[in-house]
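Reading through the structure tokens given below for one structure.
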Amino acid sequence: MGNEGIRLLALPISSLFPYLYFMIRDLHVAKRTEDIGFYAGFVGASFMFGRFLTATIWGIAADRIGRKPVILFSVFSVVVFNTLFGLSVTYWMAIATRFLMGALNGLLGPIKAYSIEVCRPEHEALALSLVSTSWAIGLIIGPALGGYLALPAEKYPNIFSPDSFFGRFPYFLPCLCTSVFAAVVLIGCLWMPETLHKHKASVNGKQSVEAVEAHLIDPQEKVEESASVDTKKSLFKNWPLMSSIIVYCIFSYHDMAYTEVFSLWAESDKKYGGLGLSSVDVGQTLGITGGSLLVYQMFIYPRINKVLGPIKCCQIAAALCIPILFTYPYMTYLSGPALSIILTIASVLKNDIAATIITGIFILQNNAVSQDQRGAANGLAMTAMSLFKAVAPAGAGIVFSWAQTRQHTFFLPGDHMVFFLLNMIELLGLVLTFKPFLAVPEHNDRN
């Protein structure tokens, strides 16, 4: 059920973007059309900010009490708060429910640790690729749910009347479908085996703060029977781990900012530099993108990683991303089937590249620590990443709204500026993947 957990995490995130632009419009918080992106960014940021505040705590809890209890509670929180988000009638209710869903969701770190622990070392790339594959399945289902099921009274007036429950809460139906799926996953997780191998050391009298210290502070010297026994390192002094987390944060910031901008840009009017697409159009494009990601992660990425290793995969992928993003602003000159085809191809390539980078970094992170620190390491990575992903949507929304007001300037007009800044972030991430910055554990130095 671990992969279903990742799929579940993807659904409330990916299903939001096809209709977020219209949800902000209907909440009447933006006074001008150009301001919609500004307010949409904070809705996207609230989930990640909540996760930032609690991710390390959840990771340490997963090391102390097991992966399974954390996963069960996280799935339950999705059932509750995703349902409440669909019932939001004010902007601040939407912000609050997304924030709580993020803060009470410690799913991703334990799932990544779980996927490593159930596999032999030679199958780690495949295991983490399956995690990304499950995410990809969520990226297929999520946008389809959001694109086709949001605003049902407008799209399917013969089934849903404007006065019906779904007419009064036009964004509840996709959230309800996600919550029902979460409830099924929650039941299935009850039979999921625990993978944490607990070492029976004396823990009487220790407080929870000592658990934090055990992971984040150099442990005191202890007498060991053998000098060959691995000693715990401070996570903050583990440079292979910390360097991979920093690179992970840069690319995560880029990916989240891109995700936020993509839907806003695709759905905004052409007079503001957008493509003028509907939520259904965006949902279809993102669904096809998720489908390609599924195929790529299952059949292509493991072979590429086996030949090149995770670092070279990241470097090549980041280099290819820059020219692809450069083409995006020029798609406004297209229309009809040509626009749909070119946009879908670009979206597929961009997201496959992002998956290549993130999966490679996952491998480096998990190989940089021992098993009993893996939950805390992933929690620390989730904390840092969530901070960057919390800032990214808000920052992207602000820049996007600003760019829409400068359509006729000489230097990088309109959305040219948005995609130029995205490329600069990608370039920074690419530079940091090279030595001496990015370190590799000695036992895993393949590049």
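How things are named: the first chain in the structure tokens is A, the next is B, and so on; residues count from 1 in each chain; ligands count from 1 in the order shown.
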### Query
Using only C-alpha atoms, which residues sit within 12 Å of region 268-272 of chain A once same-chain residues fewer than 6 positions away are excluded, as number ranges by chain?
A: 18-22, 25, 33-37, 261-262, 278-279, 282, 329-335, 400-408, 413-416
Output file for the selection above: N, CA and C atoms, as a compact mmCIF listing (two decimals), in the first residue's frame:
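Listed below is the output, out-v8.txt:
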# COMPACT_ATOMS: atom_id res chain seq x y z
N PRO A 18 -5.80 22.40 -12.10
CA PRO A 18 -6.68 22.71 -13.23
C PRO A 18 -7.81 23.70 -12.89
N TYR A 19 -8.22 23.76 -11.62
CA TYR A 19 -9.34 24.65 -11.30
C TYR A 19 -8.98 25.77 -10.33
N LEU A 20 -7.72 25.85 -9.89
CA LEU A 20 -7.36 26.86 -8.90
C LEU A 20 -7.63 28.28 -9.40
N TYR A 21 -7.32 28.54 -10.65
CA TYR A 21 -7.55 29.87 -11.22
C TYR A 21 -9.02 30.27 -11.10
N PHE A 22 -9.90 29.32 -11.41
CA PHE A 22 -11.33 29.60 -11.38
C PHE A 22 -11.87 29.63 -9.95
N ARG A 25 -11.11 33.00 -8.60
CA ARG A 25 -12.07 33.93 -9.23
C ARG A 25 -13.42 33.88 -8.54
N THR A 33 -8.54 40.87 -12.56
CA THR A 33 -8.17 39.59 -13.16
C THR A 33 -6.67 39.34 -13.02
N GLU A 34 -5.88 40.39 -13.16
CA GLU A 34 -4.43 40.25 -13.06
C GLU A 34 -3.97 39.81 -11.66
N ASP A 35 -4.83 39.98 -10.65
CA ASP A 35 -4.46 39.63 -9.28
C ASP A 35 -4.76 38.19 -8.91
N ILE A 36 -5.43 37.45 -9.78
CA ILE A 36 -5.80 36.08 -9.46
C ILE A 36 -4.57 35.23 -9.16
N GLY A 37 -3.52 35.39 -9.96
CA GLY A 37 -2.29 34.63 -9.73
C GLY A 37 -1.68 34.90 -8.37
N VAL A 261 2.80 28.16 -12.14
CA VAL A 261 2.74 29.06 -13.28
C VAL A 261 2.03 28.42 -14.47
N PHE A 262 2.28 27.12 -14.67
CA PHE A 262 1.76 26.46 -15.87
C PHE A 262 0.25 26.61 -15.99
N SER A 278 -9.28 26.09 -21.08
CA SER A 278 -10.25 25.79 -20.02
C SER A 278 -9.62 24.82 -19.02
N SER A 279 -10.32 24.60 -17.90
CA SER A 279 -9.82 23.64 -16.91
C SER A 279 -9.78 22.23 -17.48
N VAL A 282 -6.56 21.98 -19.63
CA VAL A 282 -5.38 21.85 -18.77
C VAL A 282 -5.35 20.47 -18.11
N PRO A 329 6.95 30.81 -23.89
CA PRO A 329 6.24 32.06 -24.19
C PRO A 329 5.81 32.19 -25.64
N TYR A 330 6.49 31.50 -26.53
CA TYR A 330 6.17 31.61 -27.95
C TYR A 330 4.96 30.77 -28.35
N MET A 331 4.46 29.94 -27.43
CA MET A 331 3.27 29.13 -27.73
C MET A 331 2.02 29.99 -27.81
N THR A 332 2.08 31.22 -27.32
CA THR A 332 0.91 32.10 -27.41
C THR A 332 0.57 32.44 -28.85
N TYR A 333 1.51 32.22 -29.77
CA TYR A 333 1.26 32.49 -31.18
C TYR A 333 0.54 31.33 -31.87
N LEU A 334 0.36 30.23 -31.15
CA LEU A 334 -0.30 29.05 -31.70
C LEU A 334 -1.75 29.00 -31.25
N SER A 335 -2.52 28.19 -31.93
CA SER A 335 -3.93 27.98 -31.55
C SER A 335 -4.40 26.64 -32.11
N PHE A 400 4.05 36.17 -11.54
CA PHE A 400 3.12 36.00 -12.65
C PHE A 400 2.16 37.18 -12.76
N SER A 401 1.61 37.61 -11.63
CA SER A 401 0.70 38.77 -11.64
C SER A 401 1.43 40.03 -12.10
N TRP A 402 2.65 40.21 -11.64
CA TRP A 402 3.45 41.37 -12.06
C TRP A 402 3.75 41.32 -13.56
N ALA A 403 4.07 40.11 -14.06
CA ALA A 403 4.41 39.98 -15.47
C ALA A 403 3.21 40.30 -16.37
N GLN A 404 2.01 40.00 -15.90
CA GLN A 404 0.83 40.27 -16.72
C GLN A 404 0.57 41.77 -16.89
N THR A 405 1.17 42.58 -16.04
CA THR A 405 0.98 44.03 -16.15
C THR A 405 2.04 44.69 -17.05
N ARG A 406 2.98 43.91 -17.53
CA ARG A 406 4.07 44.48 -18.35
C ARG A 406 4.17 43.73 -19.68
N GLN A 407 3.06 43.67 -20.38
CA GLN A 407 3.01 42.95 -21.64
C GLN A 407 3.77 43.63 -22.77
N HIS A 408 3.97 44.93 -22.68
CA HIS A 408 4.52 45.67 -23.82
C HIS A 408 5.87 46.30 -23.52
N PRO A 413 9.20 40.94 -22.08
CA PRO A 413 7.82 41.34 -21.78
C PRO A 413 6.97 40.18 -21.27
N GLY A 414 6.03 40.50 -20.39
CA GLY A 414 5.04 39.53 -19.93
C GLY A 414 5.65 38.24 -19.42
N ASP A 415 5.13 37.12 -19.93
CA ASP A 415 5.53 35.82 -19.43
C ASP A 415 6.93 35.40 -19.88
N HIS A 416 7.55 36.13 -20.78
CA HIS A 416 8.96 35.88 -21.09
C HIS A 416 9.79 36.02 -19.81
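In this comparison, which uses only C-alpha atoms, the residue of A:Val391, A:Leu380, A:Leu241, A:Ile140 approaching Asn367 (chain A) most closely is A:Leu241.
Each of A:Leu72, A:Ile357, A:Asn366, A:Ser263 was compared to Lys312 (chain A) using only C-alpha atoms, and A:Ile357 turns out to be the nearest.
Counting only C-alpha atoms, Val440 (chain A) has the following residues at most 12 Å away, ignoring those fewer than 4 positions along the same chain: Asn238, Trp239, Pro240, Leu241, Met242, Ser243, Ser244, Gly309, Pro310, Ile311, Gly360, Ile361, Ile363, Leu364, Gln365, Asn366, Asn367, Ala368, Val369, Thr433, Phe434, Lys435, Pro436, Asn444, Asp445, Arg446 and Asn447 of chain A.
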### Message
Restricting the calculation to only C-alpha atoms: of A:Gly59, A:Pro170, A:Pro143, A:Pro12, which residue gets closest to Leu27 (chain A)?
### Response
A:Pro170
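If only C-alpha atoms are the atoms counted, then among A:Phe99, A:Tyr253, A:Phe73, A:Phe17 the closest residue to Ala384 (chain A) is A:Tyr253.
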